[in-house]
Amino acid sequence: MIRFAARSASLPAAILALALLAATPAARAADKVSFGLDWKAEAEYGGYYQAAATGIYAKHGLDVTIEQGGPSVNHAALLIAGKLDFNICSNSFLALNFVNEKIPFSVVASMYQKDPSVLIAHPGQGNDSFPALKGKPILISADTRVGWWNFLKAKFGYTDAQIRPYTFNLAPFLADKSAIQQGFLGSEPLSIKQATGIDPVVLLVADAGFKGYASLIATSNANIQNKPDLVKRFVDASIEGWYSYLNGDPAPGNAAILKANPEMTQVLVDYGRGVLKSHGILESGDALTLGIGAMTKARWDEFTADVVAQGLYPKDIDSSKAYTLKFVDQKVGMPAAKSP
């Protein structure tokens with residue numbers, strides 16, 4: 001470290017500038033971060049692509065590589081194996097699985113306040129509400145049977161006898177006007193309209209009172225303990241990316257999504273972003289006062305009590321080990337107009 005005398009201001013400007021430059025520590029190289037998605041690039045991950053494309057991650061000293069998911073990719077396993085630094089934990093059930101199976105990982109933010117899972121039906125068939133679907137056949141996947149399907153059973157009296165296999169193929173639904181199937185808010189409804197020219201009935205499970213979080217960010221407990229600054233910078237930058245994508249110009253993020261996923265179209269990207277906004281998937285509930293990414297102990301406790309009552313987890317499961325609030329609820333990136 002060079003120490004300057006009180007009269008250093010009298011030195012020629014060029015010499016002083018060189019001295020100051022020598023005294024400044026070299027800029028720290030950006031920390032490399034690998035981040036896994038739970039599906040292919042689409043608007044549902046727009047905030048992350050926006051953060052990368054607009055330099056938000058770089059501003060936080062991060063060099064982030066976004067790894068796409070897909071039907072043959074198990075990013076949860078890669079995270080646990082240390083091949084990824086962070087990944088998308090699709091829902092609260094998976095976070096509780098970390099605890100139940102004694103896997104040393106936790107979620108550090110929940111970008112979605114509402115789970116975007118939906119049930120879809122044809123219009124004009126009398127299937128336009130959750131109560132109306134009681135006793136009727138519904139196409140449900142194996143994963144969903146041990147997830148939010150149990151919430152619908154408990155609340156609306158559905159039974160497993162209603163379940164028909166769902167293979168993520170729209171053909172059976174399109175061929176049968178009485179058919180009902182699961183889906184995601186930002187994809188199947190548009191695909192069905194494109195195929196039929198008709199808007200289907202779309203019932204958002206979260207609007208029926210399902211309390212599970214979705215699209216959470218997970219990392220190892222070792223990162224949380226040993227690299228809290230890295231975790232905080234990644235969470236903060238991702239939150240800022242989401243505010244930029246939802247409330248600013250989404251073009252940079254959309255361009256990055258389209259480049260990463262050639263199967264994606266501009267129409268679907270625009271639709272996906274639109275429903276995220278119109279349904280308050282990210283900006284609702286606690287996020288309105290605490291900021292995007294918000295989680296609370298009260299909501300985790302309520303969700304855990306519900307799934308324990310449904311027999312999905314042991315009565316003594318400690319849900320506090322599934323998450324940490326250390327990196328959220330701080331109004332990071334929150335527009336002033338949205339602050340209370």
# chains A, B, ... in the order shown; residues from 1 in each chain; ligands from 1

call {"tool": "select_by_dssp", "arguments": {"residues": "region 29-174 of chain A", "states": "strand (DSSP E or B)", "output": "mmCIF file with C-alpha atoms, in the first residue's frame"}}
result
data_model
loop_
_atom_site.group_PDB
_atom_site.id
_atom_site.type_symbol
_atom_site.label_atom_id
_atom_site.label_comp_id
_atom_site.auth_asym_id
_atom_site.auth_seq_id
_atom_site.Cartn_x
_atom_site.Cartn_y
_atom_site.Cartn_z
ATOM 1 C CA ASP A 31 -17.161 -15.614 -9.493
ATOM 2 C CA LYS A 32 -18.209 -18.403 -11.836
ATOM 3 C CA VAL A 33 -21.639 -19.821 -10.995
ATOM 4 C CA SER A 34 -23.478 -22.743 -12.602
ATOM 5 C CA PHE A 35 -27.262 -22.589 -12.346
ATOM 6 C CA GLY A 36 -29.622 -25.370 -13.439
ATOM 7 C CA LEU A 62 -20.940 -13.093 -11.093
ATOM 8 C CA ASP A 63 -20.256 -15.027 -14.263
ATOM 9 C CA VAL A 64 -23.379 -17.188 -14.452
ATOM 10 C CA THR A 65 -23.828 -20.169 -16.754
ATOM 11 C CA ILE A 66 -27.492 -21.138 -17.074
ATOM 12 C CA GLU A 67 -27.956 -24.841 -17.750
ATOM 13 C CA PHE A 86 -27.639 -23.550 -7.656
ATOM 14 C CA ASN A 87 -30.715 -24.984 -9.297
ATOM 15 C CA ILE A 88 -34.452 -24.505 -9.553
ATOM 16 C CA CYS A 89 -36.293 -26.521 -6.938
ATOM 17 C CA SER A 90 -39.667 -26.872 -8.647
ATOM 18 C CA ASN A 91 -41.882 -26.820 -5.572
ATOM 19 C CA PHE A 105 -29.405 -28.700 0.728
ATOM 20 C CA SER A 106 -31.921 -25.910 1.292
ATOM 21 C CA VAL A 107 -33.892 -23.330 -0.643
ATOM 22 C CA VAL A 108 -32.798 -19.707 -0.354
ATOM 23 C CA ALA A 109 -35.570 -17.898 -2.261
ATOM 24 C CA SER A 110 -38.974 -18.584 -3.780
ATOM 25 C CA MET A 111 -39.450 -16.660 -7.011
ATOM 26 C CA TYR A 112 -43.035 -17.879 -7.478
ATOM 27 C CA SER A 117 -49.902 -25.660 -12.060
ATOM 28 C CA VAL A 118 -53.407 -25.767 -13.533
ATOM 29 C CA LEU A 119 -56.233 -28.081 -14.446
ATOM 30 C CA ILE A 120 -57.551 -27.572 -17.967
ATOM 31 C CA ALA A 121 -60.968 -28.440 -19.401
ATOM 32 C CA ILE A 138 -58.631 -36.292 -14.825
ATOM 33 C CA LEU A 139 -55.329 -36.869 -16.632
ATOM 34 C CA ILE A 140 -52.637 -36.636 -13.923
ATOM 35 C CA ILE A 163 -56.899 -40.429 -12.074
ATOM 36 C CA ARG A 164 -56.072 -41.287 -15.651
ATOM 37 C CA PRO A 165 -52.430 -41.386 -16.853
#

call {"tool": "select_by_dssp", "arguments": {"residues": "region 192-315 of chain A", "states": "helix (DSSP H, G or I)", "output": "NGL selection string"}}
result
:A and (192-196 or 205-208 or 221-226 or 228-247 or 251-260 or 266-278 or 287-290 or 297-309)

call {"tool": "residues_around", "arguments": {"residues": "region 173-176 of chain A", "least_positions_apart": "3", "cutoff": "8 Å", "atoms": "only C-alpha atoms", "output": "JSON list (two decimals) with C-alpha atoms, in the first residue's frame"}}
result
[["chain", "number", "residue", "atom", "x", "y", "z"],
["A", 170, "LEU", "CA", -52.24, -33.11, -25.75],
["A", 179, "ALA", "CA", -61.37, -34.58, -20.99],
["A", 180, "ILE", "CA", -59.69, -32.76, -18.12],
["A", 181, "GLN", "CA", -55.93, -32.65, -17.66],
["A", 192, "ILE", "CA", -54.67, -25.82, -26.91],
["A", 196, "THR", "CA", -58.57, -25.50, -31.51]]

call {"tool": "residues_around", "arguments": {"residues": "Leu290 (chain A)", "least_positions_apart": "5", "cutoff": "12 Å", "atoms": "only C-alpha atoms", "output": "list in words"}}
result
Ala109, Ser110, Met111, Gln113, Ile239, Leu282, Glu283, Ser284, Gly285, Met295, Thr296, Leu325, Phe327, Val328, Asp329, Gln330, Lys331, Val332, Gly333, Met334, Pro335, Lys338, Ser339 and Pro340 of chain A

call {"tool": "closest_residue", "arguments": {"among": "A:Tyr48, A:Asp236, A:Val99, A:Ile56", "to": "Ser319 (chain A)", "atoms": "only C-alpha atoms"}}
result
A:Val99

call {"tool": "closest_residue", "arguments": {"among": "A:Thr265, A:Asn247, A:Thr304, A:Ser238", "to": "Ala58 (chain A)", "atoms": "only C-alpha atoms"}}
result
A:Ser238
